[in-house]
Amino acid sequence: MTNVVEGFSSELAEIVKSAGPAVVRVEGRRRLPASGIVWSEGGIVVTAHHVVERDEGLSVGLGKDQKADAELVGRDPTTDLAVLRVEGIELSPAASAGLDDLSVGHLVLALGRPGRTVQATLGITSALGTSWRTAAGGSIDRYLQTDVVMYPGFSGGPLVDAKGKVLGLNTSALRGVSLTIPSLTVDRVVESILSHGRVQRGYLGVGVQPVNLPEALAEELGQETGLILISVEPDTPAEAGGLTLGDTLLSVHGEPVRRLDDLLSMLSADLVGEEVIVRILRGGDVREQKVTIGERK
Amino acid sequence: MTGRLQEFNEQSARLAARVHRSLVRVESGRWGAGAGTIWHSDGLILTNSHVARSRQLRISLPDGRQASARLLARSRDLDLAALTVELSDLPTIELGDSERLQSGNWVMAFGHPWGVEGAVTAGIVIGQGAQMQGRPAFGHNWLAVGLHYRPGHSGGPLVDSAGRLVGINTIMAGPDVGLAIPVHEVKRFLKDSLQRAAA
């Protein structure tokens with residue numbers, strides 16, 4: 001009789017062993033070090049933004065004598081990610097996977113390396129949802145919550161599946177539960193930070209509030225709410241595009257804007273510098289303005 | 001897939017039933033009760049030093065037998081105590097190799113949390129080392145496990161996926177991390193202190 005419990009136990013340890021070399025220690029704060037994931041060739045390490053408390057004097061380590069200085073390439077506080085570049089030690093990138101094969105109930109491991117050796121906790125996938133936005137406005141491709149325990153120093157480490165593939169980066173800072181930033185989002189943010197030093201976001205320069213649209217218009221548009229402008233900052237794309245206080249935004253670049261979230265999702269990096277059509281309701285009339293989206297600094 | 005999970009459950013329950021026979025209850029007068037682990041069939045029982053605080057120690061076995069116990073040796077640094085009872089043919093647990101345990105390995109802890117007799121909890125090894133968050137370094141290794149130790153777990157056995165003894169449940173370090181004394185440290189303690197007692 002093959003022993004299932006023993007087999008299970010050694011398979012878990014095997015996963016830790018195989019994914020472990022891509023899990024690094026990140027020393028970027030005064031307290032306990034945190035963890036990071038070797039993301040791509042060229043010594044690119046991704047970690048959690050909140051554990052990198054300084055911009056200089058950072059280092060990354062593996063085992064006992066493997067330690068090297070790290071340069072901060074950039075950070076994106078909205079998704080709680082930071083990208084480091086490390087030279088001088090041999091780093092092998094993690095094998096990552098998408099979330100298509102993951103279901104609620106699947107076993108997952110959280111790995112971390114706050115010390116010299118890799119550490120692990122086990123849990124199951126608790127919730128899996130669609131895209132969501134962090135309180136700071138960062139766009140996350142999938143909602144992934146697990147019941148793995150985040151041991152001190154585990155932030156920035158990977159969540160791995162039963163095949164040892166990295167599903168994403170664990171952070172305890174976003175909601176107080178064990179959340180994982182999916183690999184797809186990490187890929188996107190890392191790419192943006194590597195090419196621009198930051199994550200670009202579009203900018204209009206307005207303050208908005210959702211309001212109900214007049215009944216006839218709501219029926220015609222199939223849209224019950226719009227966003228009324230409660231402030232228009234001077235010298236901004238909104239002002240240059242002729243938007244004024246009291247206008248109600250109906251759509252931007254062809255996409256209806258019913259809630260603040262709709263507008264924030266619209267203002268993505270690829271629209272920066274683009275001229276877009278903004279439909280507004282002004283004095284009872286629907287009009288179109290041309291606005292060139294700026295970049296949020 | 002369901003079959004594998006069922007088999008896992010059954011094997012896990014069989015393993016628990018086997019280990020249960022070596023789990024004892026240690027009553028320490030006004031200090032309350034904790035757990036203990038039968039180490040030798042001739043009446044040697046291991047528990048934590050913080051469990052064996054009273055001079056009047058009483059042991060209850062899962063089969064209903066009871067006996068008063070005598071303190072043979074203790075180490076406050078290791079938080080270990082060796083007791084002896086005048087009973088024989090006690091069921092022991094095969095010793096495992098705690099030095100070879102790895103992060104990710106499956107472990108099960110036995111004890112009497114909050115007085116619930118013979119409760120079992122399972123999880124994985126987080127890591128092993130001398131430096132543990134919030135614990136003073138005594139020059140010995142701790143075994144960190146993803147288990148919730150509760151009052152009553154102390155002194156009970158921690159076993160590996162084959163049901164071999166790999167540690168003695170000892171204390172929590174933070175809200176979600178249990179610390180156990182690995183079995184290789186227990187061996188060292190017994191060797192050192194019992195030699196001294198014999199000399």
# chains A, B, ... in the order shown; residues from 1 in each chain; ligands from 1
>>> residues_around(residues="segment 161-178 of chain B", least_positions_apart="4", cutoff="7 Å", atoms="only C-alpha atoms", output="ChimeraX atom specification")
/A:5-6,9,149 /B:15,19,48,93-98,106-107,133-134,144-149,153-157,182-183
>>> interface_residues(of="chain A", to="chain B", cutoff="12 Å", atoms="only C-alpha atoms", output="short mmCIF file (atom, residue, chain, number, x, y, z; two decimals) with N, CA and C atoms, in the first residue's frame")
data_model
loop_
_atom_site.label_atom_id
_atom_site.label_comp_id
_atom_site.auth_asym_id
_atom_site.auth_seq_id
_atom_site.Cartn_x
_atom_site.Cartn_y
_atom_site.Cartn_z
N MET A 1 0.85 -1.20 0.00
CA MET A 1 0.00 0.00 0.00
C MET A 1 0.88 1.25 0.00
N THR A 2 0.67 2.10 -0.98
CA THR A 2 1.43 3.34 -0.96
C THR A 2 0.82 4.26 0.09
N ASN A 3 1.68 4.90 0.82
CA ASN A 3 1.16 5.77 1.87
C ASN A 3 0.85 7.15 1.30
N VAL A 4 -0.41 7.47 1.26
CA VAL A 4 -0.86 8.73 0.66
C VAL A 4 -0.38 9.94 1.47
N VAL A 5 -0.46 9.81 2.81
CA VAL A 5 -0.07 10.94 3.65
C VAL A 5 1.42 11.26 3.48
N GLU A 6 2.25 10.19 3.46
CA GLU A 6 3.69 10.40 3.27
C GLU A 6 3.99 11.00 1.90
N GLY A 7 3.29 10.46 0.89
CA GLY A 7 3.49 10.95 -0.47
C GLY A 7 3.12 12.41 -0.57
N PHE A 8 2.00 12.76 0.05
CA PHE A 8 1.52 14.14 0.07
C PHE A 8 2.57 15.04 0.72
N SER A 9 3.09 14.58 1.87
CA SER A 9 4.07 15.37 2.61
C SER A 9 5.34 15.62 1.79
N SER A 10 5.85 14.55 1.13
CA SER A 10 7.10 14.78 0.41
C SER A 10 6.86 15.58 -0.87
N GLU A 11 5.67 15.47 -1.45
CA GLU A 11 5.39 16.31 -2.63
C GLU A 11 5.35 17.78 -2.26
N LEU A 12 4.77 18.08 -1.08
CA LEU A 12 4.76 19.48 -0.63
C LEU A 12 6.18 19.99 -0.46
N ALA A 13 7.02 19.17 0.19
CA ALA A 13 8.41 19.59 0.40
C ALA A 13 9.15 19.75 -0.92
N GLU A 14 8.81 18.90 -1.90
CA GLU A 14 9.42 19.00 -3.23
C GLU A 14 9.06 20.33 -3.90
N ILE A 15 7.80 20.73 -3.74
CA ILE A 15 7.36 22.00 -4.33
C ILE A 15 8.17 23.15 -3.74
N VAL A 16 8.33 23.12 -2.41
CA VAL A 16 9.09 24.17 -1.74
C VAL A 16 10.52 24.18 -2.27
N LYS A 17 11.07 22.97 -2.44
CA LYS A 17 12.45 22.85 -2.90
C LYS A 17 12.61 23.38 -4.33
N SER A 18 11.64 23.08 -5.19
CA SER A 18 11.78 23.49 -6.58
C SER A 18 11.51 24.98 -6.77
N ALA A 19 10.56 25.54 -6.01
CA ALA A 19 10.25 26.97 -6.18
C ALA A 19 11.17 27.84 -5.32
N GLY A 20 11.79 27.24 -4.32
CA GLY A 20 12.60 27.98 -3.35
C GLY A 20 13.71 28.86 -3.91
N ARG A 31 13.13 46.82 10.24
CA ARG A 31 12.74 45.60 10.97
C ARG A 31 13.16 44.36 10.19
N LEU A 32 12.44 43.29 10.46
CA LEU A 32 12.68 42.02 9.79
C LEU A 32 12.72 42.16 8.25
N PRO A 33 13.67 41.48 7.58
CA PRO A 33 13.65 41.49 6.12
C PRO A 33 12.36 40.88 5.57
N VAL A 108 -2.73 25.64 -2.02
CA VAL A 108 -1.67 26.57 -2.43
C VAL A 108 -0.67 26.72 -1.29
N LEU A 109 0.56 27.08 -1.63
CA LEU A 109 1.59 27.32 -0.62
C LEU A 109 2.07 28.76 -0.73
N ALA A 110 2.28 29.40 0.41
CA ALA A 110 2.94 30.70 0.40
C ALA A 110 4.38 30.47 0.83
N LEU A 111 5.32 31.03 0.07
CA LEU A 111 6.73 30.88 0.41
C LEU A 111 7.31 32.23 0.80
N GLY A 112 8.30 32.19 1.66
CA GLY A 112 8.98 33.41 2.06
C GLY A 112 10.40 33.10 2.46
N ARG A 113 11.24 34.13 2.50
CA ARG A 113 12.62 33.92 2.94
C ARG A 113 13.06 35.11 3.80
N PRO A 114 12.41 35.29 4.97
CA PRO A 114 12.85 36.39 5.82
C PRO A 114 14.23 36.13 6.42
N GLY A 115 14.64 34.87 6.45
CA GLY A 115 15.97 34.52 6.96
C GLY A 115 16.79 33.91 5.85
N ARG A 116 17.64 32.94 6.19
CA ARG A 116 18.48 32.32 5.17
C ARG A 116 17.76 31.24 4.39
N THR A 117 16.85 30.55 5.08
CA THR A 117 16.20 29.43 4.41
C THR A 117 14.79 29.81 3.99
N VAL A 118 14.29 29.06 3.02
CA VAL A 118 12.95 29.33 2.54
C VAL A 118 11.95 28.72 3.53
N GLN A 119 10.87 29.44 3.78
CA GLN A 119 9.84 28.97 4.70
C GLN A 119 8.52 28.85 3.94
N ALA A 120 7.59 28.06 4.49
CA ALA A 120 6.36 27.80 3.75
C ALA A 120 5.15 27.71 4.66
N THR A 121 4.01 28.15 4.17
CA THR A 121 2.73 27.87 4.82
C THR A 121 1.76 27.36 3.77
N LEU A 122 0.80 26.57 4.24
CA LEU A 122 -0.13 25.89 3.34
C LEU A 122 -1.55 26.40 3.55
N GLY A 123 -2.30 26.46 2.48
CA GLY A 123 -3.69 26.85 2.63
C GLY A 123 -4.48 26.47 1.40
N ILE A 124 -5.73 26.91 1.35
CA ILE A 124 -6.50 26.67 0.15
C ILE A 124 -6.97 27.99 -0.46
N ASP A 147 -6.36 31.27 2.39
CA ASP A 147 -6.26 31.27 3.85
C ASP A 147 -4.84 30.94 4.32
N VAL A 148 -3.85 31.09 3.43
CA VAL A 148 -2.47 30.86 3.87
C VAL A 148 -2.10 31.91 4.91
N VAL A 149 -1.30 31.49 5.86
CA VAL A 149 -0.86 32.41 6.90
C VAL A 149 0.36 33.17 6.42
N MET A 150 0.28 34.49 6.55
CA MET A 150 1.42 35.31 6.16
C MET A 150 2.31 35.51 7.39
N TYR A 151 3.30 34.66 7.51
CA TYR A 151 4.27 34.74 8.59
C TYR A 151 5.06 36.04 8.42
N PRO A 152 5.50 36.69 9.52
CA PRO A 152 6.24 37.95 9.36
C PRO A 152 7.38 37.81 8.35
N GLY A 153 7.43 38.73 7.40
CA GLY A 153 8.48 38.68 6.38
C GLY A 153 8.05 37.94 5.12
N PHE A 154 6.81 37.47 5.07
CA PHE A 154 6.32 36.74 3.89
C PHE A 154 5.85 37.67 2.77
N VAL A 160 2.35 29.68 -4.58
CA VAL A 160 2.59 28.66 -5.60
C VAL A 160 1.49 27.61 -5.60
N ALA A 162 -0.02 23.61 -6.84
CA ALA A 162 0.41 22.24 -6.56
C ALA A 162 1.47 21.75 -7.55
N GLY A 164 3.97 23.81 -8.29
CA GLY A 164 5.13 24.61 -7.97
C GLY A 164 5.25 25.86 -8.81
#
>>> closest_residue(among="A:Ile140, A:Ala269, A:Ala82, A:Ala97", to="Ile44 of chain A", atoms="only C-alpha atoms")
A:Ala82
>>> atom_distance(atom1="atom CA of Asn141 of chain B", atom2="atom CA of Thr37 of chain B")
19.4 Å
>>> residues_around(residues="Glu27 of chain B", least_positions_apart="4", cutoff="10 Å", atoms="only C-alpha atoms", output="PyMOL selection string")
chain B and resi 31-36+51-54+56-60+68-69
>>> write_last_selection(atoms="C-alpha atoms", output="CSV table (one decimal), in the first residue's frame")
chain,number,residue,atom,x,y,z
B,31,TRP,CA,-1.0,24.6,37.8
B,32,GLY,CA,-3.6,22.7,35.8
B,33,ALA,CA,-3.0,20.0,33.2
B,34,GLY,CA,-1.0,19.6,30.0
B,35,ALA,CA,0.0,16.9,27.7
B,36,GLY,CA,2.9,14.4,27.7
B,51,VAL,CA,3.8,21.8,32.3
B,52,ALA,CA,5.6,19.9,35.1
B,53,ARG,CA,5.6,22.7,37.6
B,54,SER,CA,4.2,21.0,40.7
B,56,GLN,CA,2.7,16.3,42.7
B,57,LEU,CA,2.5,15.1,39.2
B,58,ARG,CA,-0.1,12.7,37.9
B,59,ILE,CA,-0.3,10.9,34.6
B,60,SER,CA,-3.4,9.6,32.9
B,68,SER,CA,1.8,9.5,40.0
B,69,ALA,CA,5.0,10.6,38.3
>>> select_by_dssp(residues="segment 73-154 of chain B", states="strand (DSSP E)", output="MDAnalysis selection string")
chainID B and resid 73:75 80:85 106:111 119:129 142:145
>>> write_last_selection(atoms="N, CA and C atoms", output="short mmCIF file (atom, residue, chain, number, x, y, z; two decimals), in the first residue's frame")
data_model
loop_
_atom_site.label_atom_id
_atom_site.label_comp_id
_atom_site.auth_asym_id
_atom_site.auth_seq_id
_atom_site.Cartn_x
_atom_site.Cartn_y
_atom_site.Cartn_z
N ALA B 73 14.35 14.78 35.32
CA ALA B 73 15.26 15.85 34.87
C ALA B 73 14.45 16.94 34.21
N ARG B 74 14.98 18.13 34.25
CA ARG B 74 14.30 19.21 33.52
C ARG B 74 15.32 20.23 33.02
N SER B 75 14.94 20.92 31.93
CA SER B 75 15.76 22.00 31.41
C SER B 75 14.83 23.16 31.08
N LEU B 80 11.98 21.46 28.62
CA LEU B 80 11.69 20.02 28.61
C LEU B 80 11.77 19.45 30.01
N ALA B 81 10.96 18.43 30.27
CA ALA B 81 11.03 17.69 31.53
C ALA B 81 10.86 16.21 31.23
N ALA B 82 11.66 15.39 31.93
CA ALA B 82 11.53 13.94 31.81
C ALA B 82 10.91 13.41 33.10
N LEU B 83 9.83 12.64 32.96
CA LEU B 83 9.14 12.09 34.12
C LEU B 83 9.21 10.58 34.07
N THR B 84 9.06 9.97 35.22
CA THR B 84 9.00 8.51 35.21
C THR B 84 7.78 8.05 36.01
N VAL B 85 7.14 7.02 35.52
CA VAL B 85 5.99 6.43 36.22
C VAL B 85 6.24 4.92 36.37
N TRP B 106 4.38 17.59 5.96
CA TRP B 106 3.13 17.49 6.71
C TRP B 106 3.40 17.03 8.14
N VAL B 107 2.80 17.69 9.11
CA VAL B 107 2.95 17.28 10.52
C VAL B 107 1.59 17.31 11.22
N MET B 108 1.47 16.50 12.28
CA MET B 108 0.25 16.49 13.08
C MET B 108 0.61 16.62 14.56
N ALA B 109 -0.16 17.44 15.27
CA ALA B 109 0.12 17.66 16.69
C ALA B 109 -1.03 17.10 17.53
N PHE B 110 -0.67 16.52 18.66
CA PHE B 110 -1.66 15.89 19.55
C PHE B 110 -1.59 16.54 20.92
N GLY B 111 -2.75 16.70 21.55
CA GLY B 111 -2.77 17.28 22.89
C GLY B 111 -4.18 17.40 23.40
N ALA B 119 -7.10 15.85 21.17
CA ALA B 119 -7.41 16.54 19.92
C ALA B 119 -6.21 16.51 18.97
N VAL B 120 -6.50 16.54 17.69
CA VAL B 120 -5.45 16.49 16.67
C VAL B 120 -5.55 17.73 15.79
N THR B 121 -4.40 18.26 15.43
CA THR B 121 -4.40 19.36 14.46
C THR B 121 -3.26 19.11 13.48
N ALA B 122 -3.45 19.49 12.23
CA ALA B 122 -2.45 19.16 11.21
C ALA B 122 -2.09 20.39 10.39
N GLY B 123 -0.88 20.39 9.87
CA GLY B 123 -0.41 21.50 9.04
C GLY B 123 0.95 21.16 8.47
N ILE B 124 1.69 22.19 8.07
CA ILE B 124 3.01 21.90 7.50
C ILE B 124 4.12 22.58 8.29
N VAL B 125 5.33 22.08 8.07
CA VAL B 125 6.53 22.69 8.65
C VAL B 125 6.78 24.02 7.94
N ILE B 126 6.89 25.09 8.72
CA ILE B 126 7.23 26.39 8.14
C ILE B 126 8.73 26.45 7.93
N GLY B 127 9.48 26.12 8.96
CA GLY B 127 10.93 26.15 8.85
C GLY B 127 11.56 25.69 10.14
N GLN B 128 12.87 25.69 10.16
CA GLN B 128 13.57 25.22 11.34
C GLN B 128 14.77 26.11 11.56
N GLY B 129 15.10 26.39 12.82
CA GLY B 129 16.28 27.20 13.07
C GLY B 129 16.38 27.61 14.52
N TRP B 142 14.59 25.37 17.04
CA TRP B 142 13.14 25.27 17.14
C TRP B 142 12.61 24.71 15.82
N LEU B 143 11.47 24.10 15.92
CA LEU B 143 10.77 23.64 14.73
C LEU B 143 9.52 24.51 14.64
N ALA B 144 9.43 25.32 13.58
CA ALA B 144 8.26 26.19 13.42
C ALA B 144 7.23 25.49 12.55
N VAL B 145 6.00 25.41 13.04
CA VAL B 145 4.95 24.71 12.30
C VAL B 145 3.72 25.60 12.17
#
>>> closest_residue(among="A:Val24, A:Val38, A:Ala127, A:Val177", to="Gln66 of chain A", atoms="only C-alpha atoms")
A:Val24
>>> residues_around(residues="Arg198 of chain A", least_positions_apart="5", cutoff="8 Å", atoms="only C-alpha atoms", output="compact mmCIF listing (two decimals) with N, CA and C atoms, in the first residue's frame")
# COMPACT_ATOMS: atom_id res chain seq x y z
N GLY A 74 11.96 50.84 -9.74
CA GLY A 74 10.76 51.66 -9.61
C GLY A 74 9.74 50.97 -8.74
N ARG A 75 8.70 51.73 -8.39
CA ARG A 75 7.65 51.14 -7.56
C ARG A 75 6.29 51.63 -7.99
N ASP A 76 5.28 50.83 -7.69
CA ASP A 76 3.91 51.22 -7.96
C ASP A 76 3.09 51.02 -6.68
N SER A 192 5.95 47.76 -17.23
CA SER A 192 5.78 49.20 -17.24
C SER A 192 6.89 49.90 -16.46
N ILE A 193 7.26 49.32 -15.31
CA ILE A 193 8.31 49.93 -14.49
C ILE A 193 9.66 49.81 -15.20
>>> residues_around(residues="Gly43 of chain A", least_positions_apart="5", cutoff="12 Å", atoms="only C-alpha atoms", output="ChimeraX atom specification")
/A:22,24,36-38,60-61,68-73,83-94
>>> write_last_selection(atoms="C-alpha atoms", output="tab-separated table (two decimals), in the first residue's frame")
chain	number	residue	atom	x	y	z
A	22	ALA	CA	13.44	31.93	-6.96
A	24	VAL	CA	14.84	35.83	-2.17
A	36	GLY	CA	10.86	38.81	-3.12
A	37	ILE	CA	10.50	36.77	-6.31
A	38	VAL	CA	13.14	36.48	-9.03
A	60	VAL	CA	18.81	40.83	-1.87
A	61	GLY	CA	19.95	37.47	-0.52
A	68	ALA	CA	24.15	41.38	-3.28
A	69	ASP	CA	23.24	45.04	-3.47
A	70	ALA	CA	20.01	45.82	-5.24
A	71	GLU	CA	18.98	48.89	-7.21
A	72	LEU	CA	15.40	50.12	-7.01
A	73	VAL	CA	14.14	50.29	-10.61
A	83	VAL	CA	10.96	46.18	-8.89
A	84	LEU	CA	14.63	45.71	-8.02
A	85	ARG	CA	17.66	44.90	-10.18
A	86	VAL	CA	20.36	42.71	-8.68
A	87	GLU	CA	23.86	42.03	-9.99
A	88	GLY	CA	26.55	39.79	-8.63
A	89	ILE	CA	24.62	36.68	-7.67
A	90	GLU	CA	23.21	33.93	-9.79
A	91	LEU	CA	19.41	34.18	-9.76
A	92	SER	CA	17.04	31.82	-11.53
A	93	PRO	CA	13.64	33.27	-12.43
A	94	ALA	CA	10.46	31.69	-11.11
